[in-house]
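What follows is target-v6.cif (mmCIF, N, CA and C atoms; chains and numbers go by the auth columns).
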```cif
data_structure
loop_
_atom_site.group_PDB
_atom_site.id
_atom_site.type_symbol
_atom_site.label_atom_id
_atom_site.label_comp_id
_atom_site.label_asym_id
_atom_site.label_seq_id
_atom_site.Cartn_x
_atom_site.Cartn_y
_atom_site.Cartn_z
_atom_site.B_iso_or_equiv
_atom_site.auth_seq_id
_atom_site.auth_asym_id
ATOM 1 N N MET A 1 49.479 127.016 160.586 0.00 1 B
ATOM 2 C CA MET A 1 49.114 125.808 159.884 0.00 1 B
ATOM 3 C C MET A 1 50.043 125.638 158.677 0.00 1 B
ATOM 4 N N SER A 2 50.502 124.442 158.456 0.00 2 B
ATOM 5 C CA SER A 2 51.437 124.195 157.363 0.00 2 B
ATOM 6 C C SER A 2 50.698 124.168 156.025 0.00 2 B
ATOM 7 N N ASP A 3 51.473 124.319 154.967 0.00 3 B
ATOM 8 C CA ASP A 3 50.902 124.248 153.619 0.00 3 B
ATOM 9 C C ASP A 3 50.218 122.904 153.389 0.00 3 B
ATOM 10 N N TYR A 4 50.812 121.860 153.920 0.00 4 B
ATOM 11 C CA TYR A 4 50.256 120.521 153.777 0.00 4 B
ATOM 12 C C TYR A 4 48.880 120.440 154.433 0.00 4 B
ATOM 13 N N GLN A 5 48.761 120.977 155.631 0.00 5 B
ATOM 14 C CA GLN A 5 47.476 120.962 156.335 0.00 5 B
ATOM 15 C C GLN A 5 46.440 121.819 155.620 0.00 5 B
ATOM 16 N N GLU A 6 46.869 122.939 155.051 0.00 6 B
ATOM 17 C CA GLU A 6 45.949 123.793 154.295 0.00 6 B
ATOM 18 C C GLU A 6 45.446 123.073 153.050 0.00 6 B
ATOM 19 N N GLN A 7 46.331 122.343 152.383 0.00 7 B
ATOM 20 C CA GLN A 7 45.926 121.579 151.197 0.00 7 B
ATOM 21 C C GLN A 7 44.914 120.495 151.577 0.00 7 B
ATOM 22 N N ILE A 8 45.143 119.847 152.700 0.00 8 B
ATOM 23 C CA ILE A 8 44.207 118.822 153.168 0.00 8 B
ATOM 24 C C ILE A 8 42.848 119.448 153.448 0.00 8 B
ATOM 25 N N GLN A 9 42.829 120.605 154.084 0.00 9 B
ATOM 26 C CA GLN A 9 41.562 121.288 154.371 0.00 9 B
ATOM 27 C C GLN A 9 40.842 121.674 153.079 0.00 9 B
ATOM 28 N N GLU A 10 41.593 122.156 152.085 0.00 10 B
ATOM 29 C CA GLU A 10 40.996 122.512 150.803 0.00 10 B
ATOM 30 C C GLU A 10 40.395 121.289 150.130 0.00 10 B
ATOM 31 N N LEU A 11 41.123 120.177 150.162 0.00 11 B
ATOM 32 C CA LEU A 11 40.618 118.945 149.556 0.00 11 B
ATOM 33 C C LEU A 11 39.364 118.447 150.269 0.00 11 B
ATOM 34 N N ARG A 12 39.353 118.536 151.577 0.00 12 B
ATOM 35 C CA ARG A 12 38.164 118.141 152.336 0.00 12 B
ATOM 36 C C ARG A 12 36.964 119.018 151.974 0.00 12 B
ATOM 37 N N ALA A 13 37.200 120.299 151.821 0.00 13 B
ATOM 38 C CA ALA A 13 36.127 121.214 151.440 0.00 13 B
ATOM 39 C C ALA A 13 35.616 120.882 150.039 0.00 13 B
ATOM 40 N N GLU A 14 36.519 120.550 149.125 0.00 14 B
ATOM 41 C CA GLU A 14 36.121 120.179 147.773 0.00 14 B
ATOM 42 C C GLU A 14 35.307 118.885 147.784 0.00 14 B
ATOM 43 N N ILE A 15 35.734 117.917 148.570 0.00 15 B
ATOM 44 C CA ILE A 15 35.011 116.648 148.669 0.00 15 B
ATOM 45 C C ILE A 15 33.617 116.890 149.244 0.00 15 B
ATOM 46 N N GLU A 16 33.528 117.708 150.260 0.00 16 B
ATOM 47 C CA GLU A 16 32.224 118.018 150.869 0.00 16 B
ATOM 48 C C GLU A 16 31.314 118.716 149.857 0.00 16 B
ATOM 49 N N PHE A 17 31.866 119.638 149.093 0.00 17 B
ATOM 50 C CA PHE A 17 31.107 120.324 148.046 0.00 17 B
ATOM 51 C C PHE A 17 30.575 119.318 147.030 0.00 17 B
ATOM 52 N N LEU A 18 31.432 118.408 146.578 0.00 18 B
ATOM 53 C CA LEU A 18 31.015 117.411 145.589 0.00 18 B
ATOM 54 C C LEU A 18 29.950 116.469 146.136 0.00 18 B
ATOM 55 N N LYS A 19 30.058 116.124 147.412 0.00 19 B
ATOM 56 C CA LYS A 19 29.028 115.287 148.036 0.00 19 B
ATOM 57 C C LYS A 19 27.678 116.000 148.016 0.00 19 B
ATOM 58 N N LYS A 20 27.701 117.295 148.291 0.00 20 B
ATOM 59 C CA LYS A 20 26.461 118.068 148.291 0.00 20 B
ATOM 60 C C LYS A 20 25.856 118.155 146.891 0.00 20 B
ATOM 61 N N CYS A 21 26.693 118.129 145.884 0.00 21 B
ATOM 62 C CA CYS A 21 26.209 118.217 144.510 0.00 21 B
ATOM 63 C C CYS A 21 25.662 116.888 144.003 0.00 21 B
ATOM 64 N N ALA A 22 25.968 115.809 144.698 0.00 22 B
ATOM 65 C CA ALA A 22 25.598 114.470 144.228 0.00 22 B
ATOM 66 C C ALA A 22 24.101 114.192 144.348 0.00 22 B
ATOM 67 N N LYS A 23 23.443 114.783 145.333 0.00 23 B
ATOM 68 C CA LYS A 23 22.008 114.573 145.540 0.00 23 B
ATOM 69 C C LYS A 23 21.296 115.909 145.410 0.00 23 B
ATOM 70 N N PHE A 24 20.141 115.882 144.763 0.00 24 B
ATOM 71 C CA PHE A 24 19.411 117.125 144.532 0.00 24 B
ATOM 72 C C PHE A 24 19.064 117.835 145.832 0.00 24 B
ATOM 73 N N THR A 25 18.622 117.090 146.846 0.00 25 B
ATOM 74 C CA THR A 25 18.236 117.726 148.108 0.00 25 B
ATOM 75 C C THR A 25 19.439 118.402 148.773 0.00 25 B
ATOM 76 N N SER A 26 20.587 117.772 148.696 0.00 26 B
ATOM 77 C CA SER A 26 21.803 118.370 149.262 0.00 26 B
ATOM 78 C C SER A 26 22.237 119.583 148.447 0.00 26 B
ATOM 79 N N LEU A 27 22.085 119.490 147.138 0.00 27 B
ATOM 80 C CA LEU A 27 22.424 120.616 146.266 0.00 27 B
ATOM 81 C C LEU A 27 21.534 121.813 146.575 0.00 27 B
ATOM 82 N N MET A 28 20.252 121.567 146.798 0.00 28 B
ATOM 83 C CA MET A 28 19.348 122.670 147.118 0.00 28 B
ATOM 84 C C MET A 28 19.712 123.297 148.465 0.00 28 B
ATOM 85 N N ALA A 29 20.099 122.479 149.426 0.00 29 B
ATOM 86 C CA ALA A 29 20.528 123.009 150.722 0.00 29 B
ATOM 87 C C ALA A 29 21.755 123.897 150.536 0.00 29 B
ATOM 88 N N LEU A 30 22.707 123.441 149.729 0.00 30 B
ATOM 89 C CA LEU A 30 23.902 124.240 149.428 0.00 30 B
ATOM 90 C C LEU A 30 23.510 125.539 148.741 0.00 30 B
ATOM 91 N N TYR A 31 22.624 125.447 147.766 0.00 31 B
ATOM 92 C CA TYR A 31 22.161 126.624 147.024 0.00 31 B
ATOM 93 C C TYR A 31 21.581 127.671 147.978 0.00 31 B
ATOM 94 N N PHE A 32 20.723 127.238 148.908 0.00 32 B
ATOM 95 C CA PHE A 32 20.121 128.190 149.833 0.00 32 B
ATOM 96 C C PHE A 32 21.113 128.699 150.877 0.00 32 B
ATOM 97 N N GLU A 33 22.101 127.894 151.230 0.00 33 B
ATOM 98 C CA GLU A 33 23.176 128.370 152.125 0.00 33 B
ATOM 99 C C GLU A 33 23.977 129.488 151.465 0.00 33 B
ATOM 100 N N GLU A 34 24.235 129.331 150.179 0.00 34 B
ATOM 101 C CA GLU A 34 25.079 130.273 149.445 0.00 34 B
ATOM 102 C C GLU A 34 24.323 131.498 148.948 0.00 34 B
ATOM 103 N N LEU A 35 23.026 131.420 148.883 0.00 35 B
ATOM 104 C CA LEU A 35 22.203 132.444 148.244 0.00 35 B
ATOM 105 C C LEU A 35 22.434 133.848 148.780 0.00 35 B
ATOM 106 N N ASN A 36 22.627 133.982 150.076 0.00 36 B
ATOM 107 C CA ASN A 36 22.787 135.331 150.643 0.00 36 B
ATOM 108 C C ASN A 36 24.121 135.983 150.286 0.00 36 B
ATOM 109 N N LYS A 37 25.017 135.247 149.650 0.00 37 B
ATOM 110 C CA LYS A 37 26.309 135.800 149.236 0.00 37 B
ATOM 111 C C LYS A 37 26.244 136.466 147.864 0.00 37 B
ATOM 112 N N PHE A 38 25.094 136.350 147.199 0.00 38 B
ATOM 113 C CA PHE A 38 24.961 136.843 145.823 0.00 38 B
ATOM 114 C C PHE A 38 23.771 137.776 145.695 0.00 38 B
ATOM 115 N N ARG A 39 23.816 138.612 144.670 0.00 39 B
ATOM 116 C CA ARG A 39 22.728 139.557 144.447 0.00 39 B
ATOM 117 C C ARG A 39 21.489 138.878 143.879 0.00 39 B
ATOM 118 N N THR A 40 21.699 137.839 143.061 0.00 40 B
ATOM 119 C CA THR A 40 20.560 137.181 142.423 0.00 40 B
ATOM 120 C C THR A 40 20.675 135.660 142.550 0.00 40 B
ATOM 121 N N ASN A 41 19.554 134.998 142.365 0.00 41 B
ATOM 122 C CA ASN A 41 19.536 133.535 142.347 0.00 41 B
ATOM 123 C C ASN A 41 20.406 133.005 141.210 0.00 41 B
ATOM 124 N N HIS A 42 20.336 133.679 140.086 0.00 42 B
ATOM 125 C CA HIS A 42 21.099 133.264 138.909 0.00 42 B
ATOM 126 C C HIS A 42 22.604 133.312 139.187 0.00 42 B
ATOM 127 N N GLU A 43 23.059 134.357 139.845 0.00 43 B
ATOM 128 C CA GLU A 43 24.486 134.465 140.183 0.00 43 B
ATOM 129 C C GLU A 43 24.912 133.338 141.123 0.00 43 B
ATOM 130 N N CYS A 44 24.072 133.003 142.061 0.00 44 B
ATOM 131 C CA CYS A 44 24.360 131.907 142.988 0.00 44 B
ATOM 132 C C CYS A 44 24.480 130.591 142.224 0.00 44 B
ATOM 133 N N PHE A 45 23.515 130.346 141.348 0.00 45 B
ATOM 134 C CA PHE A 45 23.566 129.145 140.520 0.00 45 B
ATOM 135 C C PHE A 45 24.858 129.086 139.713 0.00 45 B
ATOM 136 N N GLU A 46 25.204 130.194 139.065 0.00 46 B
ATOM 137 C CA GLU A 46 26.418 130.244 138.238 0.00 46 B
ATOM 138 C C GLU A 46 27.669 129.943 139.056 0.00 46 B
ATOM 139 N N ALA A 47 27.744 130.470 140.254 0.00 47 B
ATOM 140 C CA ALA A 47 28.914 130.234 141.107 0.00 47 B
ATOM 141 C C ALA A 47 29.052 128.755 141.445 0.00 47 B
ATOM 142 N N ILE A 48 27.943 128.125 141.817 0.00 48 B
ATOM 143 C CA ILE A 48 27.984 126.699 142.148 0.00 48 B
ATOM 144 C C ILE A 48 28.300 125.877 140.916 0.00 48 B
ATOM 145 N N ASN A 49 27.643 126.178 139.817 0.00 49 B
ATOM 146 C CA ASN A 49 27.854 125.433 138.576 0.00 49 B
ATOM 147 C C ASN A 49 29.297 125.567 138.092 0.00 49 B
ATOM 148 N N ASN A 50 29.856 126.765 138.190 0.00 50 B
ATOM 149 C CA ASN A 50 31.249 126.987 137.763 0.00 50 B
ATOM 150 C C ASN A 50 32.245 126.314 138.702 0.00 50 B
ATOM 151 N N ARG A 51 31.956 126.333 139.985 0.00 51 B
ATOM 152 C CA ARG A 51 32.845 125.638 140.930 0.00 51 B
ATOM 153 C C ARG A 51 32.856 124.145 140.642 0.00 51 B
ATOM 154 N N TYR A 52 31.698 123.586 140.382 0.00 52 B
ATOM 155 C CA TYR A 52 31.608 122.171 140.026 0.00 52 B
ATOM 156 C C TYR A 52 32.422 121.900 138.753 0.00 52 B
ATOM 157 N N PHE A 53 32.290 122.771 137.768 0.00 53 B
ATOM 158 C CA PHE A 53 33.045 122.618 136.522 0.00 53 B
ATOM 159 C C PHE A 53 34.551 122.649 136.786 0.00 53 B
ATOM 160 N N ASP A 54 34.983 123.562 137.630 0.00 54 B
ATOM 161 C CA ASP A 54 36.414 123.665 137.949 0.00 54 B
ATOM 162 C C ASP A 54 36.955 122.383 138.565 0.00 54 B
ATOM 163 N N LEU A 55 36.127 121.691 139.336 0.00 55 B
ATOM 164 C CA LEU A 55 36.561 120.470 140.014 0.00 55 B
ATOM 165 C C LEU A 55 36.417 119.218 139.155 0.00 55 B
ATOM 166 N N VAL A 56 35.365 119.169 138.344 0.00 56 B
ATOM 167 C CA VAL A 56 35.023 117.932 137.642 0.00 56 B
ATOM 168 C C VAL A 56 35.286 118.001 136.141 0.00 56 B
ATOM 169 N N GLY A 57 35.209 119.198 135.578 0.00 57 B
ATOM 170 C CA GLY A 57 35.439 119.340 134.143 0.00 57 B
ATOM 171 C C GLY A 57 34.170 119.313 133.314 0.00 57 B
ATOM 172 N N GLU A 58 33.025 119.296 133.978 0.00 58 B
ATOM 173 C CA GLU A 58 31.739 119.410 133.293 0.00 58 B
ATOM 174 C C GLU A 58 30.772 120.122 134.229 0.00 58 B
ATOM 175 N N TYR A 59 29.726 120.673 133.639 0.00 59 B
ATOM 176 C CA TYR A 59 28.756 121.416 134.429 0.00 59 B
ATOM 177 C C TYR A 59 27.702 120.489 135.015 0.00 59 B
ATOM 178 N N LEU A 60 27.174 120.856 136.162 0.00 60 B
ATOM 179 C CA LEU A 60 26.029 120.148 136.741 0.00 60 B
ATOM 180 C C LEU A 60 24.811 120.312 135.838 0.00 60 B
ATOM 181 N N TYR A 61 24.566 121.532 135.403 0.00 61 B
ATOM 182 C CA TYR A 61 23.442 121.871 134.536 0.00 61 B
ATOM 183 C C TYR A 61 23.959 122.706 133.374 0.00 61 B
ATOM 184 N N SER A 62 23.320 122.546 132.221 0.00 62 B
ATOM 185 C CA SER A 62 23.774 123.262 131.035 0.00 62 B
ATOM 186 C C SER A 62 23.565 124.769 131.158 0.00 62 B
ATOM 187 N N ASP A 63 22.510 125.157 131.881 0.00 63 B
ATOM 188 C CA ASP A 63 22.240 126.576 132.091 0.00 63 B
ATOM 189 C C ASP A 63 21.240 126.748 133.239 0.00 63 B
ATOM 190 N N TYR A 64 20.937 127.987 133.567 0.00 64 B
ATOM 191 C CA TYR A 64 20.052 128.289 134.689 0.00 64 B
ATOM 192 C C TYR A 64 18.647 127.733 134.452 0.00 64 B
ATOM 193 N N GLU A 65 18.164 127.826 133.224 0.00 65 B
ATOM 194 C CA GLU A 65 16.822 127.330 132.924 0.00 65 B
ATOM 195 C C GLU A 65 16.738 125.821 133.132 0.00 65 B
ATOM 196 N N SER A 66 17.763 125.102 132.786 0.00 66 B
ATOM 197 C CA SER A 66 17.798 123.655 133.016 0.00 66 B
ATOM 198 C C SER A 66 17.722 123.348 134.507 0.00 66 B
ATOM 199 N N PHE A 67 18.448 124.109 135.288 0.00 67 B
ATOM 200 C CA PHE A 67 18.406 123.973 136.743 0.00 67 B
ATOM 201 C C PHE A 67 16.995 124.238 137.270 0.00 67 B
ATOM 202 N N MET A 68 16.373 125.307 136.784 0.00 68 B
ATOM 203 C CA MET A 68 15.034 125.660 137.255 0.00 68 B
ATOM 204 C C MET A 68 13.990 124.618 136.839 0.00 68 B
ATOM 205 N N ARG A 69 14.149 124.007 135.671 0.00 69 B
ATOM 206 C CA ARG A 69 13.237 122.922 135.275 0.00 69 B
ATOM 207 C C ARG A 69 13.328 121.772 136.270 0.00 69 B
ATOM 208 N N THR A 70 14.548 121.462 136.702 0.00 70 B
ATOM 209 C CA THR A 70 14.746 120.395 137.680 0.00 70 B
ATOM 210 C C THR A 70 14.118 120.767 139.018 0.00 70 B
ATOM 211 N N VAL A 71 14.276 122.013 139.426 0.00 71 B
ATOM 212 C CA VAL A 71 13.664 122.489 140.677 0.00 71 B
ATOM 213 C C VAL A 71 12.151 122.350 140.599 0.00 71 B
ATOM 214 N N ARG A 72 11.562 122.804 139.497 0.00 72 B
ATOM 215 C CA ARG A 72 10.100 122.706 139.335 0.00 72 B
ATOM 216 C C ARG A 72 9.644 121.248 139.325 0.00 72 B
ATOM 217 N N TYR A 73 10.385 120.386 138.675 0.00 73 B
ATOM 218 C CA TYR A 73 10.052 118.965 138.636 0.00 73 B
ATOM 219 C C TYR A 73 10.004 118.376 140.051 0.00 73 B
ATOM 220 N N HIS A 74 11.026 118.666 140.846 0.00 74 B
ATOM 221 C CA HIS A 74 11.075 118.121 142.209 0.00 74 B
ATOM 222 C C HIS A 74 9.988 118.711 143.101 0.00 74 B
ATOM 223 N N ARG A 75 9.678 119.985 142.913 0.00 75 B
ATOM 224 C CA ARG A 75 8.584 120.585 143.681 0.00 75 B
ATOM 225 C C ARG A 75 7.267 119.904 143.365 0.00 75 B
ATOM 226 N N LYS A 76 7.013 119.714 142.074 0.00 76 B
ATOM 227 C CA LYS A 76 5.773 119.073 141.641 0.00 76 B
ATOM 228 C C LYS A 76 5.723 117.635 142.143 0.00 76 B
ATOM 229 N N LYS A 77 6.815 116.931 142.016 0.00 77 B
ATOM 230 C CA LYS A 77 6.884 115.534 142.452 0.00 77 B
ATOM 231 C C LYS A 77 6.614 115.422 143.953 0.00 77 B
ATOM 232 N N ASN A 78 7.166 116.307 144.742 0.00 78 B
ATOM 233 C CA ASN A 78 6.991 116.275 146.194 0.00 78 B
ATOM 234 C C ASN A 78 5.595 116.698 146.626 0.00 78 B
ATOM 235 N N ARG A 79 4.918 117.497 145.828 0.00 79 B
ATOM 236 C CA ARG A 79 3.559 117.915 146.145 0.00 79 B
ATOM 237 C C ARG A 79 2.569 116.768 145.979 0.00 79 B
ATOM 238 N N THR A 80 2.843 115.879 145.040 0.00 80 B
ATOM 239 C CA THR A 80 1.894 114.811 144.721 0.00 80 B
ATOM 240 C C THR A 80 2.117 113.564 145.569 0.00 80 B
ATOM 241 N N THR A 81 3.182 113.517 146.354 0.00 81 B
ATOM 242 C CA THR A 81 3.434 112.329 147.177 0.00 81 B
ATOM 243 C C THR A 81 2.964 112.498 148.596 0.00 81 B
#
```
So, in terms of structure tokens, how does the structure I just supplied come out?
Amino acid sequence: MSDYQEQIQELRAEIEFLKKCAKFTSLMALYFEELNKFRTNHECFEAINNRYFDLVGEYLYSDYESFMRTVRYHRKKNRTT
């Protein structure tokens, strides 16, 4: 495979990653897909958050607790509907 084709594949992977980060449900699916690659939930979160930062220049969430507040909010919201 040529360098050009490898760059295209990398860009496609980055675009797919960003699409998954755009919606909470897709982000959670990504989080659970990646979870088995890490020792802790926190490490998984950090990897995703840092990858997003590398691509966009800002974090998805300010910290792990902020992420978990969002998770709890969506769980509660989905339970009541």
Å distance separating CA of Ala22 in chain B from atom C of Asn78 in chain B, one decimal place: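 Going from CA of Ala22 in chain B over to atom C of Asn78 in chain B, I get 20.3 Å.
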Output of the PyMOL selection byres (((chain B and resi 56-68 and name CA) around 10) and name CA), listed as a list in words: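 This file gives the following for the PyMOL selection byres (((chain B and resi 56-68 and name CA) around 10) and name CA): Leu18, Cys21, Ala22, Asn41, His42, Glu43, Phe45, Glu46, Ile48, Asn49, Asn50, Arg51, Tyr52, Phe53, Asp54, Leu55, Arg69, Thr70, Val71, Arg72, Tyr73 and His74 of chain B.
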Between atom N of Arg75 in chain B and atom N of Leu30 in chain B - distance in Å to one decimal: 15.1 Å
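Straight-line separation from atom C of Glu33 in chain B to atom C of Lys19 in chain B: 14.4 Å.
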Step one, run DSSP on the backbone; step two, keep only residues of range 13-62 of chain B assigned to alpha helix (DSSP H); then write them as a CSV table (one decimal) with N, CA and C atoms, in the frame of the given file.
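Output (states-v2.csv):
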```
chain,number,residue,atom,x,y,z
B,13,ALA,N,37.2,120.3,151.8
B,13,ALA,CA,36.1,121.2,151.4
B,13,ALA,C,35.6,120.9,150.0
B,14,GLU,N,36.5,120.6,149.1
B,14,GLU,CA,36.1,120.2,147.8
B,14,GLU,C,35.3,118.9,147.8
B,15,ILE,N,35.7,117.9,148.6
B,15,ILE,CA,35.0,116.6,148.7
B,15,ILE,C,33.6,116.9,149.2
B,16,GLU,N,33.5,117.7,150.3
B,16,GLU,CA,32.2,118.0,150.9
B,16,GLU,C,31.3,118.7,149.9
B,17,PHE,N,31.9,119.6,149.1
B,17,PHE,CA,31.1,120.3,148.0
B,17,PHE,C,30.6,119.3,147.0
B,18,LEU,N,31.4,118.4,146.6
B,18,LEU,CA,31.0,117.4,145.6
B,18,LEU,C,30.0,116.5,146.1
B,19,LYS,N,30.1,116.1,147.4
B,19,LYS,CA,29.0,115.3,148.0
B,19,LYS,C,27.7,116.0,148.0
B,20,LYS,N,27.7,117.3,148.3
B,20,LYS,CA,26.5,118.1,148.3
B,20,LYS,C,25.9,118.2,146.9
B,21,CYS,N,26.7,118.1,145.9
B,21,CYS,CA,26.2,118.2,144.5
B,21,CYS,C,25.7,116.9,144.0
B,22,ALA,N,26.0,115.8,144.7
B,22,ALA,CA,25.6,114.5,144.2
B,22,ALA,C,24.1,114.2,144.3
B,24,PHE,N,20.1,115.9,144.8
B,24,PHE,CA,19.4,117.1,144.5
B,24,PHE,C,19.1,117.8,145.8
B,25,THR,N,18.6,117.1,146.8
B,25,THR,CA,18.2,117.7,148.1
B,25,THR,C,19.4,118.4,148.8
B,26,SER,N,20.6,117.8,148.7
B,26,SER,CA,21.8,118.4,149.3
B,26,SER,C,22.2,119.6,148.4
B,27,LEU,N,22.1,119.5,147.1
B,27,LEU,CA,22.4,120.6,146.3
B,27,LEU,C,21.5,121.8,146.6
B,28,MET,N,20.3,121.6,146.8
B,28,MET,CA,19.3,122.7,147.1
B,28,MET,C,19.7,123.3,148.5
B,29,ALA,N,20.1,122.5,149.4
B,29,ALA,CA,20.5,123.0,150.7
B,29,ALA,C,21.8,123.9,150.5
B,30,LEU,N,22.7,123.4,149.7
B,30,LEU,CA,23.9,124.2,149.4
B,30,LEU,C,23.5,125.5,148.7
B,31,TYR,N,22.6,125.4,147.8
B,31,TYR,CA,22.2,126.6,147.0
B,31,TYR,C,21.6,127.7,148.0
B,32,PHE,N,20.7,127.2,148.9
B,32,PHE,CA,20.1,128.2,149.8
B,32,PHE,C,21.1,128.7,150.9
B,33,GLU,N,22.1,127.9,151.2
B,33,GLU,CA,23.2,128.4,152.1
B,33,GLU,C,24.0,129.5,151.5
B,34,GLU,N,24.2,129.3,150.2
B,34,GLU,CA,25.1,130.3,149.4
B,34,GLU,C,24.3,131.5,148.9
B,41,ASN,N,19.6,135.0,142.4
B,41,ASN,CA,19.5,133.5,142.3
B,41,ASN,C,20.4,133.0,141.2
B,42,HIS,N,20.3,133.7,140.1
B,42,HIS,CA,21.1,133.3,138.9
B,42,HIS,C,22.6,133.3,139.2
B,43,GLU,N,23.1,134.4,139.8
B,43,GLU,CA,24.5,134.5,140.2
B,43,GLU,C,24.9,133.3,141.1
B,44,CYS,N,24.1,133.0,142.1
B,44,CYS,CA,24.4,131.9,143.0
B,44,CYS,C,24.5,130.6,142.2
B,45,PHE,N,23.5,130.3,141.3
B,45,PHE,CA,23.6,129.1,140.5
B,45,PHE,C,24.9,129.1,139.7
B,46,GLU,N,25.2,130.2,139.1
B,46,GLU,CA,26.4,130.2,138.2
B,46,GLU,C,27.7,129.9,139.1
B,47,ALA,N,27.7,130.5,140.3
B,47,ALA,CA,28.9,130.2,141.1
B,47,ALA,C,29.1,128.8,141.4
B,48,ILE,N,27.9,128.1,141.8
B,48,ILE,CA,28.0,126.7,142.1
B,48,ILE,C,28.3,125.9,140.9
B,49,ASN,N,27.6,126.2,139.8
B,49,ASN,CA,27.9,125.4,138.6
B,49,ASN,C,29.3,125.6,138.1
B,50,ASN,N,29.9,126.8,138.2
B,50,ASN,CA,31.2,127.0,137.8
B,50,ASN,C,32.2,126.3,138.7
B,51,ARG,N,32.0,126.3,140.0
B,51,ARG,CA,32.8,125.6,140.9
B,51,ARG,C,32.9,124.1,140.6
B,52,TYR,N,31.7,123.6,140.4
B,52,TYR,CA,31.6,122.2,140.0
B,52,TYR,C,32.4,121.9,138.8
B,53,PHE,N,32.3,122.8,137.8
B,53,PHE,CA,33.0,122.6,136.5
B,53,PHE,C,34.6,122.6,136.8
B,54,ASP,N,35.0,123.6,137.6
B,54,ASP,CA,36.4,123.7,137.9
B,54,ASP,C,37.0,122.4,138.6
B,55,LEU,N,36.1,121.7,139.3
B,55,LEU,CA,36.6,120.5,140.0
B,55,LEU,C,36.4,119.2,139.2
B,56,VAL,N,35.4,119.2,138.3
B,56,VAL,CA,35.0,117.9,137.6
B,56,VAL,C,35.3,118.0,136.1
```
What box, with edges along x, y and z, holds each listed atom of range 60-73 of chain B when 3 Å is added on every side, and can you state its centre and edge lengths in Å to one decimal, as JSON?
```
{"center_x": 18.4, "center_y": 123.3, "center_z": 135.9, "size_x": 23.5, "size_y": 15.9, "size_z": 15.6}
```
Because the input lacks atoms here, generate N, CA, C and O atoms for range 40-51 of chain B and report them as a PDB file, in the coordinates of the input.
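Writing the result to rebuild.pdb gives the following:
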```
ATOM      1  N   THR B  40      21.699 137.839 143.061  1.00  0.00           N
ATOM      2  CA  THR B  40      20.560 137.181 142.423  1.00  0.00           C
ATOM      3  C   THR B  40      20.675 135.660 142.550  1.00  0.00           C
ATOM      4  O   THR B  40      21.762 135.125 142.772  1.00  0.00           O
ATOM      5  N   ASN B  41      19.554 134.998 142.365  1.00  0.00           N
ATOM      6  CA  ASN B  41      19.536 133.535 142.347  1.00  0.00           C
ATOM      7  C   ASN B  41      20.406 133.005 141.210  1.00  0.00           C
ATOM      8  O   ASN B  41      21.095 131.997 141.366  1.00  0.00           O
ATOM      9  N   HIS B  42      20.336 133.679 140.086  1.00  0.00           N
ATOM     10  CA  HIS B  42      21.099 133.264 138.909  1.00  0.00           C
ATOM     11  C   HIS B  42      22.604 133.312 139.187  1.00  0.00           C
ATOM     12  O   HIS B  42      23.342 132.397 138.805  1.00  0.00           O
ATOM     13  N   GLU B  43      23.059 134.357 139.845  1.00  0.00           N
ATOM     14  CA  GLU B  43      24.486 134.465 140.183  1.00  0.00           C
ATOM     15  C   GLU B  43      24.912 133.338 141.123  1.00  0.00           C
ATOM     16  O   GLU B  43      26.006 132.785 140.974  1.00  0.00           O
ATOM     17  N   CYS B  44      24.072 133.003 142.061  1.00  0.00           N
ATOM     18  CA  CYS B  44      24.360 131.907 142.988  1.00  0.00           C
ATOM     19  C   CYS B  44      24.480 130.591 142.224  1.00  0.00           C
ATOM     20  O   CYS B  44      25.423 129.821 142.423  1.00  0.00           O
ATOM     21  N   PHE B  45      23.515 130.346 141.348  1.00  0.00           N
ATOM     22  CA  PHE B  45      23.566 129.145 140.520  1.00  0.00           C
ATOM     23  C   PHE B  45      24.858 129.086 139.713  1.00  0.00           C
ATOM     24  O   PHE B  45      25.538 128.057 139.661  1.00  0.00           O
ATOM     25  N   GLU B  46      25.204 130.194 139.065  1.00  0.00           N
ATOM     26  CA  GLU B  46      26.418 130.244 138.238  1.00  0.00           C
ATOM     27  C   GLU B  46      27.669 129.943 139.056  1.00  0.00           C
ATOM     28  O   GLU B  46      28.564 129.222 138.602  1.00  0.00           O
ATOM     29  N   ALA B  47      27.744 130.470 140.254  1.00  0.00           N
ATOM     30  CA  ALA B  47      28.914 130.234 141.107  1.00  0.00           C
ATOM     31  C   ALA B  47      29.052 128.755 141.445  1.00  0.00           C
ATOM     32  O   ALA B  47      30.148 128.185 141.365  1.00  0.00           O
ATOM     33  N   ILE B  48      27.943 128.125 141.817  1.00  0.00           N
ATOM     34  CA  ILE B  48      27.984 126.699 142.148  1.00  0.00           C
ATOM     35  C   ILE B  48      28.300 125.877 140.916  1.00  0.00           C
ATOM     36  O   ILE B  48      29.142 124.970 140.951  1.00  0.00           O
ATOM     37  N   ASN B  49      27.643 126.178 139.817  1.00  0.00           N
ATOM     38  CA  ASN B  49      27.854 125.433 138.576  1.00  0.00           C
ATOM     39  C   ASN B  49      29.297 125.567 138.092  1.00  0.00           C
ATOM     40  O   ASN B  49      29.909 124.593 137.649  1.00  0.00           O
ATOM     41  N   ASN B  50      29.856 126.765 138.190  1.00  0.00           N
ATOM     42  CA  ASN B  50      31.249 126.987 137.763  1.00  0.00           C
ATOM     43  C   ASN B  50      32.245 126.314 138.702  1.00  0.00           C
ATOM     44  O   ASN B  50      33.263 125.788 138.248  1.00  0.00           O
ATOM     45  N   ARG B  51      31.956 126.333 139.985  1.00  0.00           N
ATOM     46  CA  ARG B  51      32.845 125.638 140.930  1.00  0.00           C
ATOM     47  C   ARG B  51      32.856 124.145 140.642  1.00  0.00           C
ATOM     48  O   ARG B  51      33.915 123.510 140.649  1.00  0.00           O
TER      49      ARG B  51
END
```
